[in-house]
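Chemist: Here you go, this is work_36.txt (compact mmCIF, C-alpha atoms and all ligand atoms).
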```
# COMPACT_ATOMS: atom_id res chain seq x y z
CA MET I 120 15.80 -80.16 -47.93
CA PHE I 121 12.30 -78.77 -47.51
CA ALA I 122 9.66 -81.48 -47.92
CA LEU I 123 6.10 -80.27 -47.38
CA GLU I 124 4.67 -83.76 -47.07
CA ASN I 125 6.78 -84.48 -43.96
CA LEU I 126 5.48 -81.37 -42.20
CA VAL I 127 1.75 -81.89 -42.73
CA ARG I 128 -0.33 -83.87 -40.23
CA ARG I 129 -1.16 -87.31 -41.65
CA ASN I 130 -4.93 -86.86 -41.26
CA ILE I 131 -4.77 -83.62 -43.25
CA TRP I 132 -2.48 -85.01 -45.96
CA ASN I 133 -4.91 -87.92 -46.40
CA LEU I 134 -8.08 -85.84 -46.03
CA THR I 135 -10.83 -85.98 -48.63
CA PRO I 136 -12.27 -82.46 -48.32
CA TYR I 137 -15.98 -81.68 -48.36
CA SER I 138 -17.12 -81.29 -51.92
CA CYS I 139 -19.79 -78.63 -52.25
CA ALA I 140 -22.31 -78.20 -55.06
CA ARG I 141 -20.41 -75.18 -56.37
CA ASP I 142 -17.17 -77.19 -56.59
CA GLU I 143 -18.66 -80.00 -58.63
CA PHE I 144 -20.28 -77.74 -61.14
CA LYS I 145 -17.82 -75.30 -62.59
CA GLY I 146 -17.07 -73.61 -65.83
CA ARG I 147 -19.95 -74.04 -68.25
CA ALA I 148 -22.71 -71.44 -68.56
CA ALA I 149 -25.91 -72.36 -66.73
CA SER I 150 -29.10 -70.57 -65.77
CA VAL I 151 -31.00 -73.12 -63.68
CA PHE I 152 -29.42 -73.83 -60.31
CA ILE I 153 -31.33 -76.56 -58.51
CA ASP I 154 -28.30 -78.37 -57.14
CA ALA I 155 -27.71 -76.85 -53.69
CA ASN I 156 -31.10 -76.87 -51.92
CA GLU I 157 -31.15 -73.08 -51.85
CA ASN I 158 -34.36 -71.07 -51.89
CA PRO I 159 -34.67 -69.68 -55.45
CA TYR I 160 -36.18 -66.41 -54.06
CA GLY I 161 -34.44 -63.53 -52.31
CA THR I 162 -31.21 -61.63 -52.94
CA LEU I 163 -28.65 -63.35 -50.70
CA ASN I 164 -30.09 -66.81 -51.40
CA ARG I 165 -27.09 -68.33 -53.20
CA TYR I 166 -24.00 -69.83 -51.63
CA PRO I 167 -20.93 -67.73 -52.42
CA ASP I 168 -17.96 -68.88 -54.49
CA PRO I 169 -16.01 -71.13 -52.07
CA LEU I 170 -12.68 -70.08 -53.61
CA GLN I 171 -13.55 -66.37 -54.09
CA GLU I 172 -11.99 -66.36 -57.56
CA GLU I 173 -13.21 -62.97 -58.76
CA LEU I 174 -11.97 -61.30 -55.59
CA LYS I 175 -8.66 -63.16 -55.67
CA ALA I 176 -8.05 -61.98 -59.24
CA LYS I 177 -8.31 -58.37 -58.04
CA ILE I 178 -6.11 -59.01 -55.02
CA ALA I 179 -3.56 -60.76 -57.24
CA ALA I 180 -3.27 -57.66 -59.41
CA VAL I 181 -2.86 -55.29 -56.45
CA LYS I 182 -0.50 -57.48 -54.41
CA GLY I 183 1.58 -58.91 -57.27
CA VAL I 184 0.94 -62.50 -56.15
CA PRO I 185 -0.67 -65.15 -58.42
CA SER I 186 -4.28 -66.10 -57.55
CA GLU I 187 -3.37 -69.71 -56.85
CA CYS I 188 -0.93 -68.49 -54.19
CA ILE I 189 -3.67 -66.69 -52.21
CA PHE I 190 -5.88 -67.94 -49.38
CA LEU I 191 -8.68 -65.72 -48.02
CA GLY I 192 -10.07 -66.22 -44.54
CA ASN I 193 -12.40 -64.82 -41.90
CA GLY I 194 -9.73 -62.35 -40.77
CA SER I 195 -6.06 -63.22 -40.40
CA ASP I 196 -7.25 -65.12 -37.36
CA GLU I 197 -8.51 -67.92 -39.59
CA ALA I 198 -5.24 -68.02 -41.54
CA ILE I 199 -3.37 -68.29 -38.21
CA ASP I 200 -5.57 -71.02 -36.74
CA LEU I 201 -5.43 -73.14 -39.89
CA VAL I 202 -1.62 -73.22 -39.73
CA TYR I 203 -1.96 -75.20 -36.49
CA ARG I 204 -4.67 -77.44 -37.85
CA ILE I 205 -2.65 -78.25 -40.98
CA PHE I 206 0.83 -78.69 -39.52
CA CYS I 207 0.78 -79.28 -35.76
CA GLU I 208 -0.05 -82.54 -34.05
CA PRO I 209 -1.60 -81.60 -30.68
CA ARG I 210 0.61 -82.45 -27.65
CA GLN I 211 3.46 -83.58 -29.91
CA ASP I 212 4.58 -80.75 -32.13
CA ASN I 213 5.68 -77.27 -31.06
CA VAL I 214 6.01 -73.81 -32.58
CA VAL I 215 8.57 -71.06 -31.94
CA ALA I 216 7.70 -67.36 -31.91
CA ILE I 217 9.29 -64.03 -31.10
CA ALA I 218 8.26 -62.20 -27.91
CA PRO I 219 6.68 -59.80 -27.46
CA THR I 220 4.37 -60.21 -30.43
CA TYR I 221 0.75 -60.51 -31.53
CA GLY I 222 -1.29 -62.53 -29.06
CA MET I 223 -3.27 -64.69 -31.47
CA TYR I 224 -0.33 -66.98 -32.31
CA GLY I 225 -0.19 -68.08 -28.66
CA VAL I 226 -3.97 -68.25 -28.17
CA CYS I 227 -4.37 -70.45 -31.25
CA ALA I 228 -1.52 -72.67 -29.99
CA ASP I 229 -3.39 -73.13 -26.69
CA ILE I 230 -6.69 -73.84 -28.45
CA ASN I 231 -4.98 -76.45 -30.59
CA ASP I 232 -3.03 -77.88 -27.64
CA VAL I 233 0.35 -77.16 -29.25
CA GLU I 234 3.42 -76.09 -27.26
CA TYR I 235 4.33 -72.42 -27.88
CA ARG I 236 7.98 -71.44 -27.37
CA ALA I 237 8.46 -67.68 -26.99
CA VAL I 238 11.95 -66.29 -27.63
CA LEU I 239 12.65 -62.73 -26.52
CA LEU I 240 13.67 -60.10 -29.03
CA ASN I 241 16.75 -58.00 -28.27
CA ASP I 242 16.31 -54.96 -26.00
CA ASP I 243 15.96 -52.75 -29.08
CA PHE I 244 13.28 -55.18 -30.38
CA SER I 245 15.48 -56.43 -33.21
CA LEU I 246 15.53 -60.15 -34.04
CA ASP I 247 18.38 -62.41 -32.93
CA ALA I 248 18.03 -65.21 -35.50
CA ASP I 249 20.59 -67.42 -33.72
CA ARG I 250 18.77 -67.25 -30.40
CA LEU I 251 15.45 -67.96 -32.13
CA LEU I 252 16.87 -70.99 -33.95
CA THR I 253 18.28 -72.52 -30.75
CA ALA I 254 14.68 -72.95 -29.53
CA VAL I 255 13.94 -75.22 -32.52
CA ASP I 256 13.98 -79.00 -32.15
CA GLU I 257 12.90 -81.92 -34.34
CA ARG I 258 9.23 -81.38 -33.36
CA THR I 259 9.15 -77.69 -34.30
CA LYS I 260 6.79 -77.27 -37.24
CA VAL I 261 6.31 -73.51 -37.43
CA ILE I 262 8.14 -70.27 -36.61
CA TRP I 263 6.01 -67.13 -36.14
CA LEU I 264 7.50 -63.76 -37.12
CA CYS I 265 5.62 -60.48 -37.28
CA SER I 266 7.13 -57.59 -39.21
CA PRO I 267 6.47 -54.75 -38.57
CA ASN I 268 5.94 -56.32 -35.18
CA ASN I 269 2.97 -55.72 -32.92
CA PRO I 270 3.25 -54.23 -30.25
CA THR I 271 6.80 -52.93 -30.80
CA GLY I 272 6.15 -51.30 -34.21
CA ASN I 273 9.54 -52.03 -35.79
CA ALA I 274 10.17 -54.04 -38.95
CA LEU I 275 12.50 -56.97 -38.22
CA GLN I 276 15.79 -56.99 -40.17
CA ARG I 277 15.35 -58.66 -43.55
CA GLU I 278 18.70 -60.53 -43.29
CA ALA I 279 17.64 -62.09 -39.98
CA ILE I 280 14.27 -63.20 -41.41
CA GLU I 281 16.00 -64.66 -44.48
CA ARG I 282 18.36 -66.61 -42.24
CA VAL I 283 15.40 -68.11 -40.39
CA LEU I 284 13.76 -68.98 -43.72
CA THR I 285 16.85 -70.73 -45.07
CA GLU I 286 18.11 -72.45 -41.91
CA PHE I 287 14.78 -73.72 -40.60
CA GLN I 288 13.25 -76.56 -42.59
CA GLY I 289 9.70 -76.06 -41.28
CA ILE I 290 7.08 -73.41 -42.02
CA VAL I 291 7.95 -69.75 -41.38
CA VAL I 292 5.00 -67.37 -41.10
CA VAL I 293 5.79 -63.69 -41.62
CA ASP I 294 2.79 -61.62 -40.55
CA GLU I 295 2.93 -58.39 -42.54
CA ALA I 296 -0.37 -56.90 -41.36
CA TYR I 297 1.40 -53.50 -41.17
CA ALA I 298 3.69 -53.76 -44.20
CA ASP I 299 1.76 -50.97 -45.96
CA PHE I 300 3.20 -48.49 -43.45
CA SER I 301 6.79 -49.67 -43.90
CA ASP I 302 9.46 -48.96 -46.51
CA ALA I 303 10.77 -52.52 -46.29
CA ARG I 304 10.32 -54.80 -49.29
CA PRO I 305 7.35 -57.08 -48.50
CA PHE I 306 8.12 -60.80 -48.25
CA ARG I 307 5.09 -61.74 -50.36
CA LEU I 308 7.17 -60.74 -53.41
CA ASP I 309 9.74 -63.45 -52.56
CA LEU I 310 7.48 -66.51 -52.38
CA ASP I 311 9.42 -68.07 -55.26
CA ARG I 312 12.64 -68.08 -53.25
CA PHE I 313 11.17 -69.62 -50.07
CA PRO I 314 8.96 -72.73 -50.40
CA ASN I 315 8.43 -72.74 -46.60
CA LEU I 316 7.13 -69.14 -46.40
CA ILE I 317 3.59 -68.05 -45.52
CA VAL I 318 2.97 -64.27 -45.54
CA LEU I 319 -0.12 -62.81 -43.84
CA ASN I 320 -1.83 -59.56 -44.89
CA THR I 321 -5.18 -58.14 -43.84
CA PHE I 322 -8.01 -55.83 -44.89
CA SER I 323 -8.22 -54.63 -41.26
CA LYS I 324 -5.46 -52.01 -41.13
CA LEU I 325 -4.57 -49.62 -43.99
CA TRP I 326 -7.47 -50.98 -46.03
CA ALA I 327 -9.88 -49.71 -43.36
CA SER I 328 -12.10 -52.79 -43.41
CA ALA I 329 -11.71 -54.46 -40.02
CA ALA I 330 -15.50 -54.89 -39.83
CA ILE I 331 -15.76 -57.18 -42.86
CA ARG I 332 -13.26 -59.72 -41.44
CA LEU I 333 -11.01 -60.53 -44.36
CA GLY I 334 -7.46 -61.80 -44.04
CA MET I 335 -5.03 -63.03 -46.68
CA ALA I 336 -2.33 -65.67 -46.68
CA PHE I 337 0.23 -65.82 -49.51
CA ALA I 338 2.25 -69.00 -50.03
CA SER I 339 3.26 -71.64 -52.58
CA LYS I 340 0.31 -73.13 -54.42
CA GLU I 341 0.97 -76.42 -52.60
CA ILE I 342 0.53 -74.76 -49.19
CA ILE I 343 -2.55 -72.86 -50.43
CA ALA I 344 -4.06 -76.16 -51.61
CA LEU I 345 -3.75 -77.42 -48.02
CA TYR I 346 -5.49 -74.30 -46.72
CA ASN I 347 -8.30 -74.86 -49.22
CA LYS I 348 -8.68 -78.47 -48.11
CA VAL I 349 -9.07 -77.62 -44.43
CA LYS I 350 -11.08 -74.37 -44.43
CA TYR I 351 -14.86 -74.25 -44.04
CA PRO I 352 -16.32 -74.50 -47.55
CA TYR I 353 -17.93 -71.02 -47.55
CA ASN I 354 -15.59 -69.30 -45.13
CA VAL I 355 -15.84 -65.82 -46.72
CA ASN I 356 -19.43 -64.63 -47.07
CA ILE I 357 -20.73 -62.79 -50.13
CA LEU I 358 -21.22 -59.42 -48.38
CA THR I 359 -17.55 -59.46 -47.41
CA GLN I 360 -16.47 -60.49 -50.91
CA ARG I 361 -18.51 -57.69 -52.52
CA GLN I 362 -17.36 -55.04 -50.08
CA ALA I 363 -13.72 -56.11 -50.56
CA MET I 364 -14.08 -55.73 -54.33
CA LYS I 365 -15.43 -52.22 -53.81
CA VAL I 366 -12.41 -51.35 -51.70
CA LEU I 367 -10.06 -52.67 -54.39
CA ASP I 368 -11.86 -50.71 -57.10
CA ASP I 369 -10.99 -47.42 -55.44
CA LEU I 370 -7.50 -47.50 -53.99
CA ARG I 371 -7.02 -43.72 -54.31
CA HIS I 372 -8.50 -43.10 -50.85
CA ILE I 373 -6.13 -45.59 -49.47
CA ASP I 374 -3.07 -43.83 -50.85
CA LEU I 375 -4.35 -40.58 -49.36
CA TRP I 376 -4.98 -42.21 -46.01
CA ARG I 377 -1.50 -43.66 -46.01
CA ALA I 378 0.07 -40.28 -46.75
CA THR I 379 -1.96 -38.61 -43.99
CA LEU I 380 -1.22 -41.32 -41.43
CA LEU I 381 2.51 -41.29 -42.21
CA SER I 382 2.73 -37.52 -41.88
CA GLU I 383 0.75 -37.63 -38.61
CA ARG I 384 3.08 -40.36 -37.40
CA ALA I 385 6.11 -38.23 -38.21
CA ALA I 386 4.62 -35.34 -36.23
CA ILE I 387 3.32 -37.12 -33.14
CA LEU I 388 6.37 -39.25 -32.32
CA PRO I 389 8.68 -36.33 -31.43
CA ALA I 390 5.80 -34.50 -29.73
CA VAL I 391 5.23 -37.43 -27.37
CA ALA I 392 8.97 -38.02 -26.96
CA GLU I 393 9.53 -34.52 -25.59
CA LEU I 394 6.87 -34.79 -22.86
CA PRO I 395 8.42 -34.97 -19.38
CA ILE I 396 6.29 -38.08 -18.64
CA CYS I 397 7.75 -39.93 -21.65
CA LYS I 398 11.05 -41.78 -21.27
CA ALA I 399 11.32 -43.12 -24.82
CA VAL I 400 9.42 -43.45 -28.04
CA TYR I 401 10.47 -46.42 -30.15
CA PRO I 402 11.01 -46.12 -33.91
CA THR I 403 8.05 -47.51 -35.82
CA ASP I 404 7.26 -48.87 -39.29
CA ALA I 405 3.55 -49.29 -38.51
CA ASN I 406 0.46 -47.13 -37.89
CA PHE I 407 1.12 -47.21 -34.15
CA PHE I 408 4.05 -46.69 -31.82
CA LEU I 409 5.22 -47.81 -28.44
CA ALA I 410 6.01 -45.15 -25.84
CA ARG I 411 7.75 -45.87 -22.53
CA MET I 412 6.27 -43.63 -19.85
CA THR I 413 7.09 -42.75 -16.27
CA ASP I 414 3.93 -44.49 -15.05
CA ALA I 415 1.92 -46.23 -17.79
CA ASP I 416 -0.89 -47.47 -15.52
CA CYS I 417 -1.70 -44.03 -14.09
CA ILE I 418 -1.45 -42.34 -17.47
CA TYR I 419 -3.62 -45.02 -19.06
CA HIS I 420 -6.41 -44.50 -16.49
CA TYR I 421 -6.07 -40.73 -16.72
CA LEU I 422 -6.62 -40.97 -20.49
CA VAL I 423 -9.58 -43.33 -20.08
CA ASP I 424 -11.19 -40.77 -17.76
CA ARG I 425 -10.91 -38.28 -20.61
CA GLY I 426 -12.46 -40.67 -23.12
CA ILE I 427 -9.14 -41.51 -24.82
CA ILE I 428 -8.32 -45.20 -25.08
CA VAL I 429 -4.77 -46.37 -25.80
CA ARG I 430 -3.41 -49.88 -25.30
CA ASN I 431 -1.65 -50.47 -22.00
CA ARG I 432 1.15 -52.92 -22.74
CA SER I 433 3.01 -52.41 -19.47
CA ARG I 434 2.60 -56.04 -18.40
CA VAL I 435 4.09 -57.43 -21.64
CA GLN I 436 7.69 -58.72 -21.60
CA LEU I 437 10.24 -56.00 -22.53
CA CYS I 438 7.38 -53.45 -22.53
CA GLY I 439 7.35 -52.33 -18.88
CA ASN I 440 5.60 -48.94 -18.58
CA CYS I 441 4.79 -48.92 -22.28
CA LEU I 442 1.65 -47.66 -23.96
CA ARG I 443 0.85 -48.63 -27.55
CA ILE I 444 -0.71 -45.72 -29.38
CA THR I 445 -2.44 -45.95 -32.77
CA ILE I 446 -2.12 -43.03 -35.18
CA GLY I 447 -5.59 -41.50 -35.44
CA THR I 448 -7.02 -38.52 -37.29
CA PRO I 449 -5.23 -35.16 -36.74
CA GLN I 450 -8.04 -34.24 -34.30
CA GLU I 451 -7.63 -37.47 -32.35
CA ASN I 452 -3.86 -37.10 -32.21
CA ASN I 453 -4.22 -33.52 -30.96
CA ALA I 454 -6.70 -34.64 -28.32
CA LEU I 455 -4.15 -37.17 -27.08
CA LEU I 456 -1.30 -34.66 -27.05
CA GLY I 457 -3.44 -32.04 -25.31
CA ALA I 458 -4.44 -34.51 -22.60
CA LEU I 459 -0.88 -35.77 -22.09
CA ARG I 460 0.43 -32.19 -21.78
CA GLN I 461 -2.09 -31.53 -19.02
CA TYR I 462 -1.23 -34.67 -17.07
CA ARG I 463 0.10 -34.03 -13.55
CA PRO I 464 1.64 -37.03 -11.80
C1 LIG I 501 -4.32 -56.40 -36.51
C2 LIG I 501 -3.45 -57.54 -36.81
C3 LIG I 501 -3.86 -58.55 -37.69
C4 LIG I 501 -5.20 -58.49 -38.35
O1 LIG I 501 -6.05 -59.49 -37.93
P1 LIG I 501 -7.46 -59.66 -38.68
O2 LIG I 501 -7.98 -60.93 -38.08
O3 LIG I 501 -7.16 -59.79 -40.15
O4 LIG I 501 -8.28 -58.46 -38.38
C5 LIG I 501 -2.99 -59.57 -38.00
N1 LIG I 501 -1.76 -59.62 -37.46
C6 LIG I 501 -1.33 -58.66 -36.62
C7 LIG I 501 0.04 -58.74 -36.09
C8 LIG I 501 -2.16 -57.61 -36.26
O5 LIG I 501 -1.71 -56.70 -35.40
```
Let me see the file written as C-alpha cells.
Modeler:
Amino acid sequence: MFALENLVRRNIWNLTPYSCARDEFKGRAASVFIDANENPYGTLNRYPDPLQEELKAKIAAVKGVPSECIFLGNGSDEAIDLVYRIFCEPRQDNVVAIAPTYGMYGVCADINDVEYRAVLLNDDFSLDADRLLTAVDERTKVIWLCSPNNPTGNALQREAIERVLTEFQGIVVVDEAYADFSDARPFRLDLDRFPNLIVLNTFSKLWASAAIRLGMAFASKEIIALYNKVKYPYNVNILTQRQAMKVLDDLRHIDLWRATLLSERAAILPAVAELPICKAVYPTDANFFLARMTDADCIYHYLVDRGIIVRNRSRVQLCGNCLRITIGTPQENNALLGALRQYRP
C-alpha cells in the first residue's frame, strides 16, 4: 500500500511553513496594502502571488490537470531539487534512475548527499523495468524516469513505466519535458490512477521560454501541498508569471512551431543517417536526436570551428561516439547538413 506519510522526511512532515503577508490576507477586496513593508511607489513594488493562482488556472486549462495538482518552480530544476528535500534523508535514503539520462537528477542527489543508483537502459535505450526494480531496496524513496529520454530521444514504453509505478511503493518521477514532441499519451493525464506519480513539464522546450525559468510538476494534491510547504515563498517572480500568461494566451504559434519542428525532424534524420560518417541515427520522440558517428570528438570540433555547436555525448554510458543534435530552424539544419557533407576525416 502506498502511504505518503511514511515516505516524507519527518522534519518536512512536521514543518510549519513560512507564512507570508499574502498568505494571511486572502479573498476579500482591499485597496490599501500596508501589510508587507513594500514601498508603495514603483511598478514592480509588490510581492507576487506565492501560489501563482491566476497562472495555474490557465495552465490547468491547457494541460488538463486541476490547479491544486500543479506546482510551479524556478525551472524544472527546482521541482527536481525539492523532491530530494521533501523525501530523501541525506546519507540514509537512496534514489534509482535510468542511465543514460538527464544530468540534474544526479547533481541534485549529490548536492543533497543522497545515494544515486544508475541502472542502464537496454542497448536500444528501452526500459527494462525488472532490472530497474532490482536496484530498489527498503531505503529507496524515488525512481527517476525521463520520457522521451534525454539524451537518447526515445519515449520509454508505457507498459514498463506503469509496471514501475505499480510495483514500487515510493515516488516515481516521470520527466516529460519533451512530451509535446511525442505521440505517446502523457502521464499527467493519469494522476488519478497513480498516487505515487510526479510528472515534470517545462516552459523551456516547445513553449520557447527557457529564459523565464518556469517548470511545472503535476501530482496528487497531497504531494503538491508538500511542494508548497518547502518552496521559497515567492519562488516564481512576477515578470515570469506575466510572460508565461502571455505565452498561454497565444498558443497558435506553438502549434505552428511544433509542426515545423516535426517536419524538419522527419527530414534531417534520414539525411544524417545516410552520411558516410554516420553509423546510426536513433529513433526520436523529442526535438533532438542522437547520432552515432565514426569519430564524434573530431566531428564535434570540426563543427565548432564552423560556428555550429552540437552536444558531444560520446563520454556518456551507451553513447560512445554519439552527438546529440537539436532540431533548429530549416536554415540551421541545412547549415549542419552542409558542414557534415563537407567533412573529411
Ligand atoms: C531541458 C530539460 C528540462 C527543462 O529544465 P528547466 O529547468 O525547466 O529549463 C527538464 N528535464 C529534461 C529531461 C530536460 O532535458
Chemist: Which polymer residues, protein or nucleic acid, are no farther than 10 Å from (6.1, -73.7, -39.7), counting all atoms listed in the file, as a PyMOL selection string?
Modeler: chain I and resi 126-127+202-203+205-207+213-215+259-263+284+287-292+315-317
Chemist: To check your reading of the model: which residues sit at most 6 Å from ligand LIG 501 (chain I) when counting all atoms listed in the file? Write the answer as a PyMOL selection string.
Modeler: chain I and resi 194-196+221+265+269+294+296+321+323+329+332-334
Chemist: Calculate how many Å separate CA of Ser245 in chain I from CA of Asn440 in chain I, rounding to one decimal.
Modeler: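 About the pair CA of Ser245 in chain I and CA of Asn440 in chain I: they are 19.2 Å apart.
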Chemist: So which residues touch range 388-396 of chain I within 12 Å, counting all atoms listed in the file, skipping near sequence neighbours fewer than 6 positions away, as a PyMOL selection string?
Modeler: chain I and resi 381-382+402-404+406-415+417-418+440-446+452-453+455-464
Chemist: Do you have the CA of Gln450 in chain I-CA of Ala378 in chain I distance handy?
Modeler: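 Here the two named atoms are 16.0 Å from each other.
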Chemist: Using N, CA, C and O atoms, give me range 287-301 of chain I from the structure I just pasted, as an mmCIF file, in the first residue's frame.
Modeler:
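And here is the file that came out, result-v2.cif:
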```
data_model
loop_
_atom_site.group_PDB
_atom_site.id
_atom_site.type_symbol
_atom_site.label_atom_id
_atom_site.label_comp_id
_atom_site.auth_asym_id
_atom_site.auth_seq_id
_atom_site.Cartn_x
_atom_site.Cartn_y
_atom_site.Cartn_z
ATOM 1 N N PHE I 287 6.520 -0.358 -7.455
ATOM 2 C CA PHE I 287 7.346 0.396 -6.499
ATOM 3 C C PHE I 287 6.431 1.235 -5.619
ATOM 4 O O PHE I 287 5.570 1.958 -6.117
ATOM 5 N N GLN I 288 6.649 1.148 -4.316
ATOM 6 C CA GLN I 288 5.766 1.844 -3.376
ATOM 7 C C GLN I 288 6.266 3.243 -2.995
ATOM 8 O O GLN I 288 5.667 3.904 -2.149
ATOM 9 N N GLY I 289 7.357 3.683 -3.611
ATOM 10 C CA GLY I 289 7.837 5.049 -3.366
ATOM 11 C C GLY I 289 7.377 5.998 -4.458
ATOM 12 O O GLY I 289 6.433 5.706 -5.198
ATOM 13 N N ILE I 290 8.052 7.134 -4.555
ATOM 14 C CA ILE I 290 7.697 8.161 -5.544
ATOM 15 C C ILE I 290 8.333 7.829 -6.891
ATOM 16 O O ILE I 290 9.514 7.488 -6.961
ATOM 17 N N VAL I 291 7.564 7.930 -7.969
ATOM 18 C CA VAL I 291 8.103 7.768 -9.320
ATOM 19 C C VAL I 291 7.954 9.106 -10.042
ATOM 20 O O VAL I 291 6.833 9.618 -10.186
ATOM 21 N N VAL I 292 9.084 9.687 -10.453
ATOM 22 C CA VAL I 292 9.034 10.929 -11.217
ATOM 23 C C VAL I 292 9.174 10.573 -12.693
ATOM 24 O O VAL I 292 10.107 9.869 -13.076
ATOM 25 N N VAL I 293 8.230 11.049 -13.507
ATOM 26 C CA VAL I 293 8.333 10.882 -14.959
ATOM 27 C C VAL I 293 8.517 12.280 -15.545
ATOM 28 O O VAL I 293 7.597 13.096 -15.517
ATOM 29 N N ASP I 294 9.729 12.544 -16.016
ATOM 30 C CA ASP I 294 10.048 13.860 -16.576
ATOM 31 C C ASP I 294 9.627 13.851 -18.043
ATOM 32 O O ASP I 294 10.232 13.176 -18.865
ATOM 33 N N GLU I 295 8.590 14.623 -18.337
ATOM 34 C CA GLU I 295 8.061 14.684 -19.701
ATOM 35 C C GLU I 295 8.330 16.052 -20.331
ATOM 36 O O GLU I 295 7.466 16.618 -21.012
ATOM 37 N N ALA I 296 9.558 16.539 -20.136
ATOM 38 C CA ALA I 296 9.943 17.834 -20.707
ATOM 39 C C ALA I 296 9.712 17.873 -22.223
ATOM 40 O O ALA I 296 9.443 18.933 -22.788
ATOM 41 N N TYR I 297 9.818 16.706 -22.875
ATOM 42 C CA TYR I 297 9.719 16.640 -24.343
ATOM 43 C C TYR I 297 8.429 15.986 -24.833
ATOM 44 O O TYR I 297 8.321 15.650 -26.006
ATOM 45 N N ALA I 298 7.465 15.803 -23.950
ATOM 46 C CA ALA I 298 6.247 15.075 -24.326
ATOM 47 C C ALA I 298 5.505 15.746 -25.483
ATOM 48 O O ALA I 298 4.813 15.069 -26.252
ATOM 49 N N ASP I 299 5.664 17.071 -25.629
ATOM 50 C CA ASP I 299 4.961 17.771 -26.702
ATOM 51 C C ASP I 299 5.393 17.306 -28.096
ATOM 52 O O ASP I 299 4.703 17.567 -29.072
ATOM 53 N N PHE I 300 6.548 16.670 -28.176
ATOM 54 C CA PHE I 300 7.061 16.225 -29.477
ATOM 55 C C PHE I 300 6.770 14.749 -29.729
ATOM 56 O O PHE I 300 7.229 14.174 -30.712
ATOM 57 N N SER I 301 6.050 14.125 -28.799
ATOM 58 C CA SER I 301 5.823 12.683 -28.855
ATOM 59 C C SER I 301 4.338 12.387 -29.077
ATOM 60 O O SER I 301 3.476 13.169 -28.678
#
```
